[in-house]
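Asker: Here you go, model_34.txt (compact mmCIF, C-alpha atoms and all ligand atoms):
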```
# COMPACT_ATOMS: atom_id res chain seq x y z
CA MET A 28 116.66 109.33 98.59
CA PRO A 29 115.01 109.39 95.18
CA ILE A 30 111.48 108.03 94.93
CA TYR A 31 110.84 105.79 91.96
CA VAL A 32 107.53 104.55 90.61
CA THR A 33 108.07 101.24 92.32
CA LYS A 34 110.32 99.59 94.85
CA SER A 35 110.57 95.85 95.22
CA PHE A 36 109.25 94.33 98.40
CA MET A 37 112.08 92.74 100.37
CA PRO A 38 111.23 90.01 102.87
CA PRO A 39 113.23 89.83 106.13
CA ILE A 40 116.65 88.53 105.12
CA LYS A 41 116.53 85.76 107.77
CA GLU A 42 113.47 84.30 106.08
CA TYR A 43 115.10 84.33 102.66
CA GLU A 44 118.26 82.83 104.20
CA LYS A 45 116.27 79.92 105.62
CA TYR A 46 115.28 78.90 102.07
CA ILE A 47 118.78 79.53 100.68
CA LYS A 48 120.20 77.24 103.36
CA SER A 49 117.78 74.53 102.29
CA ILE A 50 119.12 74.86 98.72
CA TYR A 51 122.66 74.43 100.07
CA SER A 52 121.65 71.24 101.85
CA SER A 53 119.63 69.75 98.99
CA GLY A 54 122.19 70.73 96.34
CA ILE A 55 119.27 71.21 93.94
CA LEU A 56 119.56 74.58 92.18
CA THR A 57 117.00 74.31 89.40
CA ASN A 58 114.97 71.93 87.19
CA GLN A 59 111.70 72.10 89.07
CA GLY A 60 113.25 71.51 92.49
CA PRO A 61 111.44 71.23 95.81
CA LEU A 62 111.14 75.00 96.37
CA SER A 63 109.65 75.62 92.93
CA ILE A 64 107.12 72.88 93.56
CA GLU A 65 106.32 74.22 97.03
CA LEU A 66 105.77 77.70 95.54
CA GLU A 67 103.53 76.33 92.78
CA ASN A 68 101.44 74.51 95.37
CA LYS A 69 101.19 77.52 97.67
CA LEU A 70 100.27 79.94 94.91
CA SER A 71 97.73 77.67 93.31
CA SER A 72 95.94 77.17 96.62
CA TYR A 73 96.17 80.89 97.48
CA LEU A 74 94.64 81.77 94.10
CA GLU A 75 92.30 78.75 94.12
CA VAL A 76 93.37 77.76 90.61
CA LYS A 77 94.36 74.46 89.04
CA ASN A 78 97.13 73.72 86.53
CA PHE A 79 99.60 76.34 87.73
CA GLN A 80 102.97 76.30 85.94
CA TYR A 81 105.77 78.41 87.41
CA VAL A 82 108.06 79.65 84.60
CA THR A 83 111.12 81.85 84.00
CA ASN A 84 109.29 85.14 83.47
CA GLY A 85 106.03 86.66 82.28
CA THR A 86 107.25 86.94 78.69
CA ILE A 87 108.16 83.26 78.35
CA ALA A 88 104.75 82.58 79.94
CA LEU A 89 103.05 84.37 77.02
CA GLN A 90 105.22 82.58 74.46
CA LEU A 91 104.58 79.18 76.05
CA ALA A 92 100.85 79.92 76.08
CA LEU A 93 100.86 80.66 72.34
CA ALA A 94 102.94 77.54 71.67
CA ALA A 95 100.91 75.20 73.88
CA LEU A 96 97.67 76.30 72.20
CA ASP A 97 99.19 75.88 68.68
CA ILE A 98 98.46 79.46 67.66
CA ASP A 99 101.37 79.02 65.28
CA GLY A 100 101.50 81.70 62.61
CA GLY A 101 97.94 82.90 63.12
CA GLU A 102 96.55 86.34 63.76
CA VAL A 103 96.17 87.27 67.41
CA ILE A 104 93.76 90.02 68.39
CA THR A 105 95.32 92.08 71.14
CA THR A 106 95.38 95.44 72.88
CA PRO A 107 97.69 98.35 72.06
CA PHE A 108 97.63 99.54 75.67
CA SER A 109 100.09 97.33 77.52
CA TYR A 110 103.75 96.71 78.14
CA VAL A 111 105.68 95.92 74.95
CA ALA A 112 106.13 92.24 75.92
CA THR A 113 102.48 91.54 75.08
CA THR A 114 103.12 92.47 71.45
CA THR A 115 106.66 91.12 71.10
CA SER A 116 105.73 87.69 72.48
CA ILE A 117 103.19 87.42 69.64
CA LEU A 118 105.79 88.47 67.08
CA TRP A 119 108.49 86.21 68.58
CA GLU A 120 106.14 83.23 68.16
CA ARG A 121 105.77 84.22 64.48
CA CYS A 122 102.17 85.24 64.87
CA THR A 123 100.63 88.53 63.73
CA PRO A 124 99.28 91.02 66.25
CA VAL A 125 95.99 92.65 65.26
CA PHE A 126 95.23 95.65 67.44
CA VAL A 127 91.77 96.50 68.69
CA ASP A 128 91.33 99.82 70.48
CA ILE A 129 90.62 100.10 74.19
CA GLU A 130 87.70 101.47 76.08
CA PRO A 131 88.38 104.75 77.85
CA ASP A 132 86.95 103.73 81.25
CA ASN A 133 89.41 101.10 82.38
CA PHE A 134 91.83 100.89 79.42
CA THR A 135 91.08 97.22 78.61
CA ILE A 136 90.27 95.98 75.09
CA ASP A 137 86.98 97.32 73.68
CA VAL A 138 84.93 94.15 73.25
CA THR A 139 82.47 95.86 70.88
CA LYS A 140 85.30 96.20 68.34
CA ILE A 141 86.71 92.65 68.49
CA GLU A 142 84.41 90.93 65.99
CA ALA A 143 85.19 93.43 63.22
CA ALA A 144 88.87 92.48 63.52
CA ILE A 145 88.32 88.73 63.08
CA THR A 146 89.49 87.23 59.78
CA PRO A 147 89.81 83.59 58.58
CA LYS A 148 93.40 83.69 59.94
CA THR A 149 92.45 84.73 63.48
CA ARG A 150 93.39 82.05 65.99
CA ALA A 151 93.36 83.75 69.36
CA ILE A 152 92.47 86.80 71.43
CA MET A 153 95.14 88.10 73.81
CA PRO A 154 93.70 90.86 76.01
CA VAL A 155 95.43 92.34 79.06
CA HIS A 156 93.96 92.90 82.52
CA VAL A 157 95.90 96.13 82.47
CA PHE A 158 96.85 97.58 85.91
CA GLY A 159 94.88 94.68 87.43
CA TYR A 160 91.50 95.85 86.05
CA ALA A 161 89.34 93.10 84.60
CA CYS A 162 88.62 92.79 80.90
CA ASP A 163 85.03 91.95 79.98
CA VAL A 164 85.82 88.25 80.39
CA GLU A 165 82.27 87.05 79.74
CA LYS A 166 81.80 88.88 76.45
CA ILE A 167 85.29 87.86 75.30
CA GLN A 168 84.52 84.19 76.00
CA GLN A 169 81.23 84.49 74.06
CA ILE A 170 83.05 85.90 71.04
CA ALA A 171 85.78 83.25 71.29
CA ASP A 172 83.22 80.43 71.48
CA LYS A 173 81.26 81.79 68.54
CA HIS A 174 84.36 82.05 66.32
CA ASN A 175 86.28 79.08 67.69
CA LEU A 176 89.18 81.14 69.03
CA LYS A 177 91.51 80.60 71.96
CA VAL A 178 91.71 83.20 74.73
CA ILE A 179 95.05 83.99 76.38
CA TYR A 180 94.96 86.70 79.04
CA ASP A 181 98.12 88.61 79.82
CA GLY A 182 97.51 88.74 83.56
CA ALA A 183 100.94 90.19 84.40
CA HIS A 184 99.20 92.77 86.62
CA ALA A 185 96.29 90.66 87.78
CA PHE A 186 97.80 88.69 90.66
CA ALA A 187 95.36 88.77 93.61
CA SER A 188 92.64 90.68 91.71
CA LYS A 189 89.35 88.84 91.91
CA PHE A 190 86.40 89.02 89.53
CA LYS A 191 82.99 87.70 90.60
CA GLY A 192 84.67 86.02 93.58
CA LYS A 193 87.20 84.10 91.46
CA SER A 194 90.86 84.88 90.80
CA LEU A 195 91.14 87.04 87.70
CA LEU A 196 93.87 84.61 86.64
CA SER A 197 91.36 81.79 86.27
CA TYR A 198 89.64 83.00 83.08
CA GLY A 199 90.35 82.08 79.44
CA ASP A 200 92.20 79.06 78.06
CA ILE A 201 95.42 80.31 79.63
CA THR A 202 96.19 83.33 81.78
CA THR A 203 99.79 84.35 82.29
CA CYS A 204 101.26 86.24 85.21
CA SER A 205 104.57 87.98 85.89
CA PHE A 206 106.53 87.81 89.13
CA HIS A 207 109.14 90.33 88.05
CA ALA A 208 110.77 92.43 90.80
CA THR A 209 108.54 95.40 89.89
CA LYS A 210 105.28 93.48 90.17
CA LEU A 211 103.00 93.21 93.20
CA PHE A 212 104.22 89.72 94.11
CA HIS A 213 107.70 88.86 92.90
CA THR A 214 110.31 86.12 92.70
CA ILE A 215 112.97 88.57 91.36
CA GLU A 216 112.28 87.25 87.86
CA GLY A 217 109.44 84.84 87.31
CA GLY A 218 106.07 84.15 85.83
CA ALA A 219 103.30 81.61 85.56
CA CYS A 220 100.72 80.11 83.28
CA ILE A 221 97.32 79.19 84.72
CA ILE A 222 95.75 76.74 82.34
CA LYS A 223 92.12 75.66 82.01
CA ASP A 224 92.72 72.25 80.47
CA LYS A 225 94.86 69.57 82.16
CA ASP A 226 96.16 68.17 78.86
CA ILE A 227 97.29 71.60 77.69
CA SER A 228 98.94 72.10 81.08
CA ASP A 229 100.86 68.83 80.70
CA LYS A 230 101.92 69.87 77.21
CA LEU A 231 103.06 73.29 78.39
CA GLU A 232 105.01 71.67 81.23
CA LEU A 233 106.80 69.47 78.71
CA GLN A 234 107.46 72.48 76.46
CA LYS A 235 108.96 74.49 79.32
CA LYS A 236 111.42 71.61 79.87
CA PHE A 237 112.89 71.44 76.33
CA GLY A 238 110.06 69.17 75.10
CA HIS A 239 111.50 65.96 76.47
CA PHE A 240 111.04 63.68 79.43
CA TYR A 241 114.33 61.86 80.13
CA ASP A 242 115.15 60.08 76.85
CA ASP A 243 111.74 60.57 75.31
CA TYR A 244 111.91 63.56 72.92
CA LYS A 245 108.30 64.48 72.28
CA CYS A 246 108.02 68.02 70.89
CA VAL A 247 109.84 71.30 70.32
CA GLY A 248 110.44 72.95 73.65
CA ILE A 249 112.29 75.77 75.29
CA ASN A 250 113.95 76.39 78.64
CA GLY A 251 111.13 77.98 80.61
CA LYS A 252 112.07 76.54 84.00
CA GLN A 253 112.77 78.60 87.06
CA SER A 254 115.65 78.39 89.53
CA GLU A 255 115.36 77.45 93.18
CA PHE A 256 116.85 80.80 94.22
CA ASN A 257 113.98 82.59 92.55
CA ALA A 258 111.46 80.24 94.12
CA ALA A 259 113.12 80.92 97.50
CA MET A 260 112.39 84.66 97.11
CA GLY A 261 108.79 83.82 96.23
CA LEU A 262 108.39 81.61 99.29
CA ALA A 263 109.91 84.31 101.51
CA ASN A 264 107.53 86.92 100.03
CA TYR A 265 104.49 84.65 100.15
CA PRO A 266 103.49 85.32 103.81
CA TYR A 267 103.45 89.08 103.07
CA ILE A 268 100.97 89.14 100.17
CA SER A 269 98.08 90.57 102.18
CA LYS A 270 100.34 93.10 103.88
CA ILE A 271 101.67 94.23 100.49
CA ILE A 272 98.12 94.75 99.23
CA THR A 273 96.99 96.57 102.38
CA GLU A 274 99.91 98.99 102.21
CA ARG A 275 99.28 99.69 98.53
CA LYS A 276 95.65 100.31 99.33
CA ARG A 277 96.67 102.81 102.02
CA VAL A 278 98.72 104.85 99.52
CA SER A 279 96.03 104.54 96.82
CA ASN A 280 93.33 105.81 99.18
CA LEU A 281 95.51 108.76 100.10
CA TYR A 282 96.08 109.62 96.43
CA ASP A 283 92.32 109.27 95.83
CA LYS A 284 91.54 111.75 98.55
CA GLU A 285 94.09 114.32 97.41
CA LEU A 286 93.92 114.08 93.64
CA SER A 287 90.40 113.01 92.66
CA ILE A 288 89.36 116.37 91.23
CA LEU A 289 92.61 116.98 89.38
CA VAL A 290 93.09 113.82 87.37
CA GLN A 291 90.96 111.21 85.66
CA ARG A 292 90.95 107.76 87.23
CA PRO A 293 89.85 104.44 85.76
CA LYS A 294 86.31 103.31 86.56
CA GLN A 295 86.24 100.20 88.70
CA GLN A 296 83.90 97.38 87.82
CA SER A 297 81.53 96.57 90.67
CA ASP A 298 82.36 92.85 90.48
CA LEU A 299 86.11 93.46 90.82
CA GLU A 300 88.05 92.99 94.05
CA TYR A 301 91.05 95.14 93.13
CA ASN A 302 94.68 94.30 93.96
CA TYR A 303 96.03 97.90 93.99
CA ALA A 304 98.81 96.90 91.61
CA TYR A 305 99.21 100.39 90.10
CA TYR A 306 98.01 103.95 90.53
CA PRO A 307 97.40 105.28 87.02
CA VAL A 308 96.26 108.88 86.53
CA VAL A 309 95.19 110.50 83.27
CA PHE A 310 96.08 114.16 82.91
CA ARG A 311 94.14 116.66 80.79
CA SER A 312 96.94 116.84 78.25
CA GLU A 313 100.43 115.54 77.53
CA ALA A 314 101.72 119.04 78.32
CA ASP A 315 100.24 118.79 81.84
CA LEU A 316 101.85 115.39 82.28
CA LEU A 317 105.26 116.68 81.22
CA LYS A 318 104.93 119.70 83.50
CA VAL A 319 104.13 117.46 86.49
CA PHE A 320 107.02 115.12 85.61
CA ASP A 321 109.40 118.07 85.50
CA GLU A 322 108.33 119.33 88.90
CA LEU A 323 108.53 115.85 90.43
CA LYS A 324 111.99 115.35 88.97
CA LYS A 325 113.22 118.54 90.63
CA GLN A 326 112.40 116.85 93.95
CA ASP A 327 114.06 113.57 92.90
CA ILE A 328 110.70 111.83 92.34
CA TYR A 329 110.15 109.75 89.22
CA ALA A 330 106.71 108.74 87.95
CA ARG A 331 106.56 106.57 84.84
CA ARG A 332 104.73 106.93 81.55
CA TYR A 333 102.82 103.65 81.72
CA PHE A 334 101.96 102.71 79.06
CA TRP A 335 103.50 104.76 76.35
CA PRO A 336 103.74 104.65 73.41
CA SER A 337 100.56 102.93 72.27
CA LEU A 338 101.84 99.60 70.91
CA ASN A 339 100.10 99.91 67.52
CA THR A 340 102.61 102.69 66.77
CA LEU A 341 105.73 100.52 67.21
CA THR A 342 107.91 101.22 64.20
CA TYR A 343 108.80 97.59 63.53
CA LEU A 344 105.22 96.48 62.89
CA LYS A 345 104.30 95.65 59.31
CA ASP A 346 100.65 96.69 59.45
CA LYS A 347 99.08 99.99 60.44
CA PHE A 348 96.25 100.08 62.95
CA ASP A 349 94.17 103.00 64.04
CA CYS A 350 93.66 103.06 67.80
CA PRO A 351 92.81 106.69 68.61
CA ILE A 352 91.63 106.05 72.17
CA SER A 353 94.72 104.10 73.15
CA GLU A 354 96.99 106.68 71.51
CA ASP A 355 95.23 109.51 73.31
CA ILE A 356 95.26 107.81 76.73
CA ALA A 357 98.88 106.69 76.27
CA SER A 358 99.95 110.28 75.67
CA ARG A 359 98.38 111.54 78.93
CA ILE A 360 98.66 108.67 81.43
CA ALA A 361 101.23 108.05 84.14
CA CYS A 362 101.62 105.76 87.12
CA LEU A 363 102.43 107.38 90.44
CA PRO A 364 104.88 105.82 92.90
CA LEU A 365 103.15 102.95 94.71
CA TYR A 366 104.82 100.45 97.00
CA PRO A 367 104.46 99.29 100.62
CA ASP A 368 107.41 101.36 101.92
CA LEU A 369 106.06 104.65 100.56
CA THR A 370 105.13 106.73 103.59
CA ASN A 371 102.05 108.93 103.88
CA ASP A 372 104.32 111.97 104.06
CA GLU A 373 106.05 111.02 100.82
CA ALA A 374 102.71 110.39 99.11
CA LEU A 375 101.39 113.73 100.37
CA LYS A 376 104.46 115.48 99.05
CA ILE A 377 103.87 113.92 95.63
CA CYS A 378 100.25 115.13 95.72
CA MET A 379 101.35 118.64 96.73
CA ILE A 380 103.77 118.86 93.82
CA ILE A 381 101.10 117.66 91.40
CA LYS A 382 98.56 120.16 92.74
CA GLU A 383 101.02 123.02 92.55
CA SER A 384 102.19 122.23 89.03
CA LEU A 385 98.60 122.02 87.75
C1 LIG B 401 105.82 92.91 83.14
C2 LIG B 401 104.90 92.59 82.02
C3 LIG B 401 105.12 91.51 81.15
C4 LIG B 401 106.41 90.75 81.14
O1 LIG B 401 106.71 90.08 82.29
P1 LIG B 401 108.24 89.76 82.61
O2 LIG B 401 108.13 88.86 83.82
O3 LIG B 401 108.94 91.04 82.90
O4 LIG B 401 108.80 89.04 81.44
C5 LIG B 401 104.16 91.19 80.21
N1 LIG B 401 103.03 91.92 80.11
C6 LIG B 401 102.78 92.97 80.90
C7 LIG B 401 101.50 93.71 80.75
C8 LIG B 401 103.72 93.36 81.87
O5 LIG B 401 103.50 94.44 82.61
```
What would you get if you wrote out this structure as structure tokens?

Answerer:
Amino acid sequence: MPIYVTKSFMPPIKEYEKYIKSIYSSGILTNQGPLSIELENKLSSYLEVKNFQYVTNGTIALQLALAALDIDGGEVITTPFSYVATTTSILWERCTPVFVDIEPDNFTIDVTKIEAAITPKTRAIMPVHVFGYACDVEKIQQIADKHNLKVIYDGAHAFASKFKGKSLLSYGDITTCSFHATKLFHTIEGGACIIKDKDISDKLELQKKFGHFYDDYKCVGINGKQSEFNAAMGLANYPYISKIITERKRVSNLYDKELSILVQRPKQQSDLEYNYAYYPVVFRSEADLLKVFDELKKQDIYARRYFWPSLNTLTYLKDKFDCPISEDIASRIACLPLYPDLTNDEALKICMIIKESL
């Protein structure tokens, strides 16, 4: 059996079936049905956050966040070290991404470089809690307050990470999350917005439902709703969140023990309670990375180049940005396979192959 970088958690089929049967009896398939509402309630109490909006996916979550905060055509300061959806959601909302380089310790946006990128057109900052590591949320809020900017965190990886005792999803004006099948907690496809302000939350809720309430057409909206079948998967996965994290921690600790002298690892902030969403390793060079990938592939094991390329180098961008740290890290970083089903023996085999190829 090949080993991929991730494998979706599957709840016991009986437990999923129980929710599917309830859909068959209610006849409600979508449009914010009872299962979607139950999932919203469960997740918001689990995370201890208010104003939780369950949406179609983590990309629509970013787009809805930009729309609900009226960022409309402005410049958005963001990070080049992320999945491409962070950048394309800005472009899709007809805003302009302005890239600020990352700091080499945990790959999040370098807050000391944000102010130099602010112009009269800047409307928002969109950093990413990449791999579940926390951005410098306090400094970012200070800068935003000083320059009257909105803060939208792409928290696609941040589910169940805590910073200073609070969910990492609770910072900024809006934090988005993704519940895609490859993420720590999933609803097959899915996402959420966690919103500071109740009025903005109400607006975003309206916008995710085409911008109208029955016959009252209030604003431009989109279809950002989620189906009951997706919510059912979320509810079936919900009881396993702590097990999922514990198992990921087991594999991560094993990798730590075996690989710590061979590869560079991100520095953890002391105030962060980490969710073990990913296991990124930085090799000495891109050549080393490619050599390791080759050897893994021979054994049917597939790591992933996360994240590569650095997003400031996307060919369809109009403006050029220099982000040497992000470009360097992106060329040498990979995520190792990490999921609850990965056995210690499989993880040890991966470590052996890495050690031998280096
Ligand atoms: C997965 C991901 C997204 C997009 O989420 P989807 O649910 O797949 O649309 C956005 N940003 C980051 C950083 C991601 O990893």

Asker: In Å, how far is it from CA of Lys223 (chain A) to CA of Phe237 (chain A)?

Answerer: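 Between these atoms lies a distance of 21.9 Å.
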
Asker: Hey, what's within 8 Å of region 203-214 of chain A if we count all atoms listed in the file and toss same-chain stuff fewer than 3 positions away? As a PyMOL selection string, please?

Answerer: chain A and resi 33-36+84-86+88-89+92+179-186+196+217-221+257-261+264-265+268+271-272+304

Asker: Using Å and a single decimal, report how far CA of Phe310 (chain A) sits from CA of Val290 (chain A).

Answerer: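 Computing it gives 5.4 Å between the two atoms.
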
Asker: Enumerate, in order of chain and increasing residue number, the residues of region 308-375 of chain A with an atom no farther than 10 Å from region 142-164 of chain A, each with its shortest atom pair and distance in Å to one decimal, counting all atoms listed in the file, as a tab-separated table.

Answerer:
```
residue	atom	partner	partner_atom	distance
A:Tyr333	CA	A:Phe158	CA	9.5
A:Phe334	CA	A:Val157	CA	9.6
A:Cys362	CA	A:Phe158	CA	9.5
```

Asker: Quick one: residues within 10 Å of Pro293 (chain A), only C-alpha atoms, excluding same-chain residues fewer than 3 positions away - as JSON, numbers by chain?

Answerer: {"A": [131, 132, 133, 134, 158, 160, 296, 306, 307, 308, 309]}

Asker: Residues near Asn280 (chain A), anyone? I mean within 12 Å using only C-alpha atoms, not counting same-chain ones fewer than 6 positions away, as a PDB file with C-alpha atoms, keeping the file's coordinate frame.

Answerer:
```pdb
ATOM      1  CA  THR A 273      96.990  96.570 102.380  1.00  0.00           C
ATOM      2  CA  GLU A 274      99.910  98.990 102.210  1.00  0.00           C
ATOM      3  CA  LEU A 286      93.920 114.080  93.640  1.00  0.00           C
ATOM      4  CA  SER A 287      90.400 113.010  92.660  1.00  0.00           C
ATOM      5  CA  TYR A 303      96.030  97.900  93.990  1.00  0.00           C
ATOM      6  CA  TYR A 306      98.010 103.950  90.530  1.00  0.00           C
ATOM      7  CA  LEU A 365     103.150 102.950  94.710  1.00  0.00           C
ATOM      8  CA  ASN A 371     102.050 108.930 103.880  1.00  0.00           C
ATOM      9  CA  ALA A 374     102.710 110.390  99.110  1.00  0.00           C
ATOM     10  CA  LEU A 375     101.390 113.730 100.370  1.00  0.00           C
TER      11      LEU A 375
END
```

Asker: Interatomic distance between CA of Leu56 (chain A) and CA of Thr113 (chain A)?

Answerer: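 These two atoms are separated by 29.5 Å.
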
Asker: What lies within 10 Å of Lys191 (chain A) using all atoms listed in the file, ignoring chain neighbours under 5 positions off, as an MDAnalysis selection string?

Answerer: chainID A and resid 297:300

Asker: I'd like to know which of A:Phe190, A:Tyr301, A:Tyr110, A:Tyr329 is closest to ligand LIG 401 (chain B), using only C-alpha atoms and all ligand atoms.

Answerer: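 With only C-alpha atoms and all ligand atoms as the atom set, the closest residue is A:Tyr110.
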
Asker: Counting all atoms listed in the file, which residue out of A:Ala94, A:Ala112, A:Cys122, A:Ile55 sits closest to ligand LIG 401 (chain B)?

Answerer: A:Ala112

Asker: Hey, can you pull every residue with an atom no more than 12 Å from (118.6, 114.2, 96.4), using all atoms listed in the file, and send it as a ChimeraX atom specification?

Answerer: /A:28-30,323-329

Asker: Hey, could you pull the box centre and edge lengths for region 254-258 of chain A, axis-aligned, 4 Å padding per side, all listed atoms, to one decimal in Å, as AutoDock Vina command-line options?

Answerer:
```
--center_x 114.2 --center_y 80.0 --center_z 91.9 --size_x 13.4 --size_y 13.1 --size_z 12.7
```

Asker: How would you write as a PyMOL selection string the residues that get within 6 Å of (92.3, 98.2, 68.8) in the file's frame, counting only C-alpha atoms?

Answerer: chain A and resi 106+126-129+350

Asker: Neighbours of Lys235 (chain A) within 10 Å (all atoms listed in the file; same-chain residues fewer than 5 positions away dropped), as number ranges by chain?

Answerer: A: 80-83, 87-88, 91, 95, 229-230, 247-253

Asker: Compare A:Val111, A:Ala263, A:Ile356, A:Val32 by their minimum atom-to-atom distance to ligand LIG 401 (chain B), counting all atoms listed in the file, and give me the closest one.

Answerer: A:Val111

Asker: For ligand LIG 401 (chain B), which residue out of A:Asp372, A:Glu354, A:Glu216, A:Glu165 is the nearest one, using only C-alpha atoms and all ligand atoms?

Answerer: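 Result for the nearest residue to ligand LIG 401 (chain B): A:Glu216.
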
Asker: Under the rule that all atoms listed in the file are counted, which of A:Asn175, A:Ala357, A:Gly101, A:Ser109 is the nearest residue to ligand LIG 401 (chain B)?

Answerer: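 For ligand LIG 401 (chain B), the nearest of the given residues is A:Ser109.
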